[in-house]
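Raw contents of entry_17.cif, mmCIF, C-alpha atoms and all ligand atoms:
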```
data_data
#
loop_
_atom_site.label_atom_id
_atom_site.label_comp_id
_atom_site.auth_asym_id
_atom_site.auth_seq_id
_atom_site.Cartn_x
_atom_site.Cartn_y
_atom_site.Cartn_z
CA MET A 160 88.69 85.17 117.03
CA THR A 161 90.39 87.90 115.05
CA GLY A 162 88.43 89.73 112.34
CA ILE A 163 90.04 90.71 109.05
CA LEU A 164 88.18 93.52 107.30
CA TYR A 165 89.14 93.43 103.65
CA HIS A 166 87.46 94.50 100.41
CA GLU A 167 88.53 94.49 96.75
CA ASP A 168 87.84 98.24 96.59
CA PHE A 169 91.23 98.67 98.28
CA VAL A 170 92.99 97.66 95.05
CA THR A 171 90.92 99.95 92.82
CA HIS A 172 92.62 103.03 94.29
CA SER A 173 95.33 103.33 91.67
CA THR A 174 98.35 105.58 92.29
CA GLY A 175 100.23 104.96 89.03
CA MET A 176 103.57 103.42 88.14
CA GLY A 177 106.47 104.00 90.48
CA HIS A 178 104.40 105.21 93.45
CA PRO A 179 105.38 103.34 96.64
CA GLU A 180 101.77 103.10 97.93
CA GLN A 181 100.67 100.36 95.50
CA PRO A 182 97.64 97.98 95.42
CA SER A 183 100.10 95.06 95.71
CA ARG A 184 100.70 96.10 99.33
CA VAL A 185 97.31 94.84 100.46
CA THR A 186 97.23 91.84 98.13
CA ALA A 187 100.63 90.73 99.53
CA ILE A 188 99.19 90.87 103.06
CA VAL A 189 95.97 89.08 102.09
CA GLU A 190 97.88 86.32 100.30
CA THR A 191 99.92 85.69 103.46
CA LEU A 192 96.83 85.67 105.69
CA LYS A 193 95.14 83.15 103.35
CA LYS A 194 97.90 80.59 104.00
CA GLU A 195 96.98 77.27 105.53
CA LYS A 196 98.23 78.11 109.02
CA TYR A 197 95.42 80.69 109.32
CA ASN A 198 92.63 78.37 108.11
CA GLY A 199 89.63 78.62 110.40
CA ARG A 200 91.35 81.05 112.73
CA LEU A 201 90.42 84.37 111.13
CA VAL A 202 86.96 85.83 110.49
CA TRP A 203 87.04 87.43 107.03
CA ASP A 204 84.39 90.12 106.82
CA GLY A 205 83.37 92.51 104.05
CA PRO A 206 83.44 96.05 105.43
CA ARG A 207 80.72 98.60 104.75
CA LEU A 208 81.30 102.03 103.24
CA ALA A 209 81.60 104.93 105.68
CA ALA A 210 78.77 107.44 105.28
CA GLU A 211 79.67 111.00 104.31
CA GLU A 212 78.47 112.28 107.68
CA GLU A 213 80.89 109.85 109.39
CA ILE A 214 83.79 111.22 107.30
CA GLU A 215 82.64 114.66 108.50
CA TYR A 216 83.49 113.65 112.09
CA ILE A 217 87.02 114.67 111.04
CA HIS A 218 86.96 116.28 107.58
CA SER A 219 85.23 119.35 106.15
CA GLU A 220 82.30 119.01 103.76
CA SER A 221 84.14 121.13 101.18
CA TYR A 222 87.15 118.77 101.31
CA ILE A 223 84.92 115.71 100.76
CA LYS A 224 83.33 117.45 97.75
CA ARG A 225 86.81 118.21 96.42
CA VAL A 226 87.84 114.55 96.81
CA ILE A 227 84.74 113.46 94.85
CA LYS A 228 85.38 116.01 92.09
CA THR A 229 89.08 115.20 91.81
CA CYS A 230 88.35 111.46 91.52
CA GLU A 231 85.82 112.23 88.79
CA SER A 232 88.53 113.98 86.78
CA ALA A 233 91.10 111.24 87.46
CA PRO A 234 93.87 110.55 86.90
CA ASP A 235 94.54 113.60 89.02
CA TYR A 236 96.17 114.65 92.30
CA LEU A 237 94.82 115.77 95.66
CA ASP A 238 96.84 118.65 97.12
CA SER A 239 100.26 117.28 96.08
CA TYR A 240 101.91 114.79 93.74
CA ASP A 241 102.18 112.48 96.77
CA ASN A 242 98.43 111.86 96.53
CA PRO A 243 97.43 110.65 93.07
CA VAL A 244 93.83 109.46 92.67
CA SER A 245 92.00 107.25 90.19
CA ASP A 246 88.27 106.99 89.56
CA GLY A 247 88.03 104.27 92.23
CA SER A 248 89.81 106.26 94.93
CA TYR A 249 86.81 107.92 96.56
CA GLN A 250 84.98 104.62 97.02
CA ALA A 251 88.22 102.97 98.25
CA ALA A 252 88.71 105.78 100.79
CA LEU A 253 85.11 105.45 102.04
CA ARG A 254 85.59 101.66 102.26
CA ALA A 255 88.88 102.07 104.16
CA SER A 256 87.24 104.24 106.81
CA GLY A 257 84.20 101.94 106.74
CA ALA A 258 86.43 98.95 107.48
CA LEU A 259 87.45 100.46 110.80
CA LEU A 260 83.83 101.29 111.64
CA THR A 261 82.79 97.71 110.80
CA ALA A 262 85.68 96.40 112.91
CA VAL A 263 84.83 98.59 115.90
CA ASP A 264 81.17 97.53 115.77
CA GLY A 265 82.17 93.86 115.39
CA VAL A 266 84.47 93.98 118.41
CA ILE A 267 81.88 95.75 120.55
CA GLU A 268 79.16 93.30 119.50
CA GLY A 269 81.50 90.42 120.37
CA LYS A 270 81.67 89.09 116.80
CA TYR A 271 85.46 89.09 117.10
CA THR A 272 87.82 89.69 120.02
CA ASN A 273 89.96 92.06 117.99
CA ALA A 274 90.40 92.97 114.32
CA PHE A 275 92.90 94.03 111.69
CA CYS A 276 91.97 96.16 108.65
CA PRO A 277 94.45 95.80 105.74
CA VAL A 278 93.15 98.92 103.99
CA ARG A 279 94.35 101.46 101.50
CA PRO A 280 94.50 104.38 101.14
CA PRO A 281 96.11 104.75 104.57
CA GLY A 282 94.98 107.59 106.82
CA HIS A 283 97.22 108.98 109.54
CA HIS A 284 98.63 111.97 107.60
CA ALA A 285 95.22 113.15 106.29
CA ARG A 286 94.28 116.56 107.67
CA HIS A 287 90.94 118.31 108.20
CA SER A 288 90.78 119.72 104.66
CA MET A 289 93.85 118.30 102.99
CA ALA A 290 95.19 115.01 101.65
CA MET A 291 98.76 114.31 102.64
CA GLY A 292 101.38 111.55 102.62
CA PHE A 293 99.34 109.06 100.48
CA CYS A 294 96.34 109.51 102.85
CA ILE A 295 92.86 110.78 101.90
CA PHE A 296 90.62 110.29 104.98
CA ASN A 297 91.97 109.82 108.49
CA ASN A 298 90.58 106.33 109.11
CA ILE A 299 91.76 105.97 112.71
CA ALA A 300 90.58 109.41 113.82
CA ILE A 301 87.16 108.69 112.27
CA ALA A 302 87.08 105.38 114.19
CA ALA A 303 87.91 107.18 117.45
CA ARG A 304 85.02 109.62 116.89
CA HIS A 305 82.71 106.70 116.01
CA LEU A 306 83.59 105.04 119.33
CA LYS A 307 82.48 108.22 121.11
CA ASN A 308 79.47 109.17 118.99
CA LYS A 309 77.99 105.74 118.44
CA HIS A 310 79.21 103.68 121.41
CA ASN A 311 79.77 106.31 124.09
CA ILE A 312 83.34 105.05 124.61
CA HIS A 313 85.58 107.97 125.41
CA LYS A 314 88.86 106.76 126.87
CA ILE A 315 90.67 105.58 123.78
CA LEU A 316 94.34 104.66 123.48
CA ILE A 317 95.78 105.07 119.98
CA VAL A 318 99.15 103.43 119.35
CA ASP A 319 100.91 104.51 116.14
CA PHE A 320 104.21 102.75 115.36
CA ASP A 321 104.46 103.82 111.71
CA VAL A 322 107.92 105.23 110.95
CA HIS A 323 106.32 108.60 110.14
CA HIS A 324 104.65 110.86 112.69
CA CYS A 325 100.81 110.83 112.56
CA ASN A 326 100.45 114.58 112.04
CA GLY A 327 96.85 114.27 110.80
CA THR A 328 95.70 112.14 113.71
CA GLU A 329 97.35 114.45 116.23
CA GLU A 330 95.85 117.55 114.63
CA SER A 331 92.37 115.99 114.51
CA LEU A 332 92.26 114.60 118.03
CA SER A 333 94.72 116.51 120.20
CA GLY A 334 92.01 118.82 121.53
CA ASP A 335 90.26 115.74 122.80
CA ASN A 336 91.82 115.15 126.18
CA ASP A 337 89.99 111.85 126.78
CA ILE A 338 92.22 110.24 124.14
CA LEU A 339 95.79 109.09 124.70
CA LEU A 340 97.64 109.23 121.37
CA PHE A 341 101.08 107.60 121.37
CA SER A 342 103.36 107.89 118.36
CA ILE A 343 106.87 106.49 118.06
CA HIS A 344 108.50 107.62 114.83
CA GLN A 345 111.77 108.48 113.15
CA HIS A 346 113.01 112.05 113.54
CA PRO A 347 114.21 113.92 111.61
CA HIS A 348 111.92 112.54 108.93
CA TYR A 349 108.72 113.26 106.98
CA PRO A 350 106.44 115.08 107.87
CA GLY A 351 108.68 116.85 110.40
CA THR A 352 106.12 117.08 113.22
CA GLY A 353 105.86 115.02 116.43
CA MET A 354 108.69 116.49 118.48
CA SER A 355 106.76 117.46 121.58
CA SER A 356 104.19 115.85 123.85
CA LYS A 357 101.18 117.33 125.63
CA LEU A 358 99.86 115.23 128.47
CA TYR A 359 96.98 116.15 130.78
CA SER A 360 96.77 115.50 134.50
CA HIS A 361 94.33 112.62 134.01
CA SER A 362 96.90 111.00 131.66
CA GLY A 363 95.27 111.59 128.26
CA GLY A 364 96.87 113.75 125.59
CA VAL A 365 99.65 113.21 123.09
CA LEU A 366 102.83 111.26 123.80
CA ASN A 367 105.28 111.69 120.93
CA VAL A 368 108.57 109.83 121.04
CA PRO A 369 110.93 110.82 118.20
CA MET A 370 113.65 108.24 117.49
CA PRO A 371 116.95 108.84 115.68
CA PRO A 372 117.68 107.01 112.41
CA GLY A 373 119.34 103.65 113.13
CA SER A 374 117.17 102.92 116.18
CA ALA A 375 116.42 99.21 116.58
CA GLU A 376 114.09 96.87 118.47
CA GLU A 377 115.69 97.32 121.88
CA ASP A 378 115.34 101.12 121.61
CA TYR A 379 111.67 100.76 120.67
CA MET A 380 110.91 98.20 123.38
CA LYS A 381 112.53 100.41 126.00
CA VAL A 382 110.09 103.22 125.16
CA ILE A 383 107.07 100.91 124.93
CA LYS A 384 107.79 99.05 128.17
CA GLY A 385 108.80 102.26 129.94
CA GLN A 386 107.24 105.61 129.04
CA LEU A 387 104.22 104.22 127.19
CA SER A 388 103.37 101.53 129.77
CA ASP A 389 103.61 104.03 132.63
CA GLN A 390 101.24 106.40 130.83
CA VAL A 391 98.77 103.69 129.83
CA ASN A 392 98.63 102.32 133.38
CA MET A 393 97.55 105.76 134.58
CA PHE A 394 95.16 106.29 131.66
CA MET A 395 93.40 102.88 131.75
CA PRO A 396 91.82 102.82 128.26
CA ASP A 397 88.34 101.55 127.40
CA PHE A 398 89.39 100.70 123.82
CA VAL A 399 92.70 100.36 121.95
CA LEU A 400 93.21 101.46 118.33
CA ILE A 401 96.46 100.75 116.47
CA SER A 402 97.80 102.66 113.46
CA ALA A 403 99.92 99.78 112.22
CA GLY A 404 102.53 101.08 109.82
CA PHE A 405 105.26 98.59 109.01
CA ASP A 406 107.73 101.05 107.46
CA ALA A 407 110.00 101.07 110.54
CA HIS A 408 111.17 97.66 109.26
CA LYS A 409 114.91 97.48 108.50
CA ASP A 410 114.24 96.64 104.82
CA ASP A 411 111.73 99.43 104.20
CA PRO A 412 112.74 101.93 101.50
CA LEU A 413 111.01 104.89 103.20
CA GLY A 414 112.57 104.71 106.67
CA ASP A 415 115.91 104.34 108.47
CA ILE A 416 114.73 102.38 111.53
CA LEU A 417 115.99 98.83 111.96
CA LEU A 418 113.06 96.79 113.30
CA GLU A 419 112.78 93.07 112.45
CA SER A 420 109.49 91.52 111.29
CA GLU A 421 109.22 89.82 114.72
CA THR A 422 109.39 93.21 116.44
CA PHE A 423 105.86 93.84 115.22
CA TYR A 424 104.74 90.73 117.10
CA ARG A 425 106.35 91.96 120.30
CA MET A 426 105.00 95.51 120.03
CA THR A 427 101.50 94.25 119.24
CA GLU A 428 101.67 91.79 122.13
CA ILE A 429 102.18 94.69 124.53
CA ALA A 430 99.32 96.73 123.02
CA VAL A 431 97.11 93.67 123.41
CA GLU A 432 98.25 93.25 127.03
CA PHE A 433 97.09 96.82 127.72
CA ALA A 434 93.72 95.94 126.21
CA ASN A 435 93.49 92.69 128.19
CA MET A 436 94.27 94.55 131.38
CA TYR A 437 91.80 97.41 130.95
CA CYS A 438 89.17 96.68 128.30
CA ASP A 439 88.58 92.94 127.74
CA GLY A 440 91.09 92.81 124.89
CA LYS A 441 89.22 95.26 122.63
CA VAL A 442 91.68 96.18 119.86
CA VAL A 443 91.13 97.40 116.30
CA SER A 444 94.17 97.84 114.14
CA THR A 445 94.55 99.40 110.70
CA LEU A 446 97.26 99.38 108.08
CA GLU A 447 99.15 102.62 107.55
CA GLY A 448 102.59 102.44 105.79
CA GLY A 449 105.02 99.65 104.83
CA TYR A 450 106.59 99.66 101.36
CA ASN A 451 108.83 96.59 101.00
CA LEU A 452 106.27 93.96 99.99
CA ASP A 453 108.04 90.96 101.56
CA ALA A 454 108.82 92.79 104.80
CA LEU A 455 105.29 94.23 104.87
CA ALA A 456 103.54 90.89 104.42
CA GLU A 457 105.78 89.15 106.96
CA SER A 458 105.46 91.95 109.54
CA ALA A 459 101.68 92.19 109.12
CA ALA A 460 101.46 88.41 109.65
CA PHE A 461 103.43 88.72 112.92
CA HIS A 462 101.09 91.54 113.92
CA VAL A 463 98.05 89.34 113.25
CA ASP A 464 99.73 86.43 115.09
CA ALA A 465 99.90 88.56 118.23
CA LEU A 466 96.23 89.55 117.83
CA LEU A 467 95.31 85.88 117.37
CA GLU A 468 97.31 84.79 120.37
CA ALA A 469 95.27 87.18 122.50
CA GLY A 470 91.96 86.50 120.80
CA LYS A 471 91.86 82.73 121.38
ZN ZN B 501 104.70 105.74 107.18
#
```
Do you think you could lay out the structure here as structure tokens?
Amino acid sequence: MTGILYHEDFVTHSTGMGHPEQPSRVTAIVETLKKEKYNGRLVWDGPRLAAEEEIEYIHSESYIKRVIKTCESAPDYLDSYDNPVSDGSYQAALRASGALLTAVDGVIEGKYTNAFCPVRPPGHHARHSMAMGFCIFNNIAIAARHLKNKHNIHKILIVDFDVHHCNGTEESLSGDNDILLFSIHQHPHYPGTGMSSKLYSHSGGVLNVPMPPGSAEEDYMKVIKGQLSDQVNMFMPDFVLISAGFDAHKDDPLGDILLESETFYRMTEIAVEFANMYCDGKVVSTLEGGYNLDALAESAAFHVDALLEAGK
């Protein structure tokens, strides 16, 4: 079974008119996953809130205090006009990180084979003491630390196929050589990082693969079936986390990559195969970007289809 960790708090984080990171992103996904074809196949679970000390796995106490204060004076911005907050944003951000923690615990306890968290705010640009690129707390990095601190699972593969480089995740975890962080992203593009890799002899580290604008499915699959597979087969992960951004879709307004909705099925299928091979299929995936609502909902459904296929 595949778990879906969703909560209405995700729509109370309001970013204002005209901002691409809108509450309708998650409601579009949820509406699609509530369709008849998914009846009885998904486990819908209400995620808990992350505790402040869990957010501190990655972020400074002073930053958390600043997030609380800024949300209290909302509408306001965190660090840049990219990151507007409303009075519900702090709770939404805690719930988003909490969704991944709930998902990780659920997978380890055997409640679900794998899980998808359609959360907002997203997380992969969030830095130690700074909001960035629509992200407040780095949900996936917090989940990786939770795997280590709570479950003693150290060898973690993180696959990030969002069109933007996961600068926050890399910055937070790159000193941690037990983790293999793979990012495939458009370059040149926001935020401008992710040009070089740093791999260790035991195969952990950071594998960044920048792709030129106009790249399509075959270019992506070549990297995933080649470079990434070779690295993963040396690394042999004990858990797989996915930063699932769907903004490399050909119809997305914030990227120039030409993936089809079905590409997200095929990429997920391979990530799941890694998990089946090395860690009994343990995968937790979280929503990052994706800004064309139709393309986002369709791509996320293909992503969940691949998780379901594996989780039967
Ligand atoms: Zn993105």
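The neighbours of Ala209 of chain A here are the residues that come within 9 Å of it, using all atoms listed in the file and leaving out any residue fewer than 5 positions away in the same chain; they are Ile214, Ala252, Leu253, Arg254, Ala255, Ser256, Gly257, Ala258, Leu259, Leu260 and Thr261 of chain A.
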Q: Go ahead and find all residues with at least one atom no further than 12 Å from (110.5, 118.9, 119.7) in the file's coordinates, using all atoms listed in the file; report them as an MDAnalysis selection string.
A: chainID A and resid 346:347 351:357 366:370
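Around Phe169 of chain A, within 7 Å and counting only C-alpha atoms, the residues found are Ala251, Val278 and Arg279 of chain A, once anything fewer than 5 positions away on its own chain is removed.
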Kindly assemble as a tab-separated table a list of the segment 246-323 of chain A residues that lie within 9 Å of segment 191-203 of chain A, each paired with its nearest atom pair and their distance in Å to one decimal, using only C-alpha atoms, sorted first by chain and then by ascending residue number.
```
residue	atom	partner	partner_atom	distance
A:Lys270	CA	A:Val202	CA	8.9
A:Tyr271	CA	A:Val202	CA	7.5
A:Ala274	CA	A:Val202	CA	8.8
```
(Q) List as number ranges by chain the protein and nucleic acid residues near Val443 of chain A, meaning an atom at most 6 Å away when all atoms listed in the file are counted, but skip any in the same chain fewer than 2 places from it. (A) A: 273-275, 400
Q: Identify the residues around (77.4, 102.5, 122.0) within a radius of 12 Å, measuring from all atoms listed in the file in the coordinates stated by the file, and give them as a ChimeraX atom specification.
A: /A:263-268,304-313
For ligand ZN 501 (chain B), collect every residue having any atom at a distance of at most 6 Å from a ligand atom (counting all atoms listed in the file); output as a PDB file with C-alpha atoms, keeping the file's coordinate frame.
```pdb
ATOM      1  CA  ASP A 321     104.460 103.820 111.710  1.00  0.00           C
ATOM      2  CA  VAL A 322     107.920 105.230 110.950  1.00  0.00           C
ATOM      3  CA  HIS A 323     106.320 108.600 110.140  1.00  0.00           C
ATOM      4  CA  GLY A 404     102.530 101.080 109.820  1.00  0.00           C
ATOM      5  CA  ASP A 406     107.730 101.050 107.460  1.00  0.00           C
ATOM      6  CA  GLY A 448     102.590 102.440 105.790  1.00  0.00           C
TER       7      GLY A 448
END
```
Closest-contact table, segment 176-211 of chain A side, partner segment 291-301 of chain A, 12 Å, counting only C-alpha atoms, as a Markdown table:
```
| residue | atom | partner | partner_atom | distance |
| --- | --- | --- | --- | --- |
| A:His178 | CA | A:Phe293 | CA | 9.5 |
| A:Pro179 | CA | A:Phe293 | CA | 9.2 |
| A:Glu180 | CA | A:Phe293 | CA | 6.9 |
| A:Gln181 | CA | A:Phe293 | CA | 10.1 |
| A:Leu208 | CA | A:Asn298 | CA | 11.8 |
| A:Ala209 | CA | A:Ile301 | CA | 9.4 |
| A:Ala210 | CA | A:Ile301 | CA | 11.0 |
| A:Glu211 | CA | A:Phe296 | CA | 11.0 |
```
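Take the candidates A:Val244, A:Ile217, A:Ala285, A:Val189 and check each one against Thr171 of chain A using all atoms listed in the file; the shortest distance goes to A:Val244.
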Q) Which residues, written as number ranges by chain, have at least one atom at most 10 Å from Glu419 of chain A, with all atoms listed in the file counted and residues fewer than 4 positions away on the same chain left out? A) A: 375-376, 405, 407-410, 423-424, 454, 457-458
Q: For atom CA of Leu413 of chain A and atom CA of Gly175 of chain A, determine how far apart the two atoms are, in Å to one decimal place.
A: 17.8 Å
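Straight-line separation from atom CA of Asp204 of chain A to atom CA of Glu190 of chain A: 15.5 Å.
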Centre and edge lengths of an axis-aligned box around all listed atoms of segment 365-372 of chain A, with 6 Å added on each side, are to be given in Å to one decimal, as JSON.
```
{"center_x": 108.7, "center_y": 110.1, "center_z": 118.1, "size_x": 30.0, "size_y": 18.2, "size_z": 23.4}
```
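The smallest atom-to-atom distance between Leu446 of chain A and any of A:Asp337, A:His462, A:Gly177, A:Gly373, using only C-alpha atoms, is found for A:His462.
Between Phe320 of chain A and the residues A:Gly385, A:Gly162, A:Pro396, A:Gly449, the shortest atom-to-atom distance, using all atoms listed in the file, involves A:Gly449.
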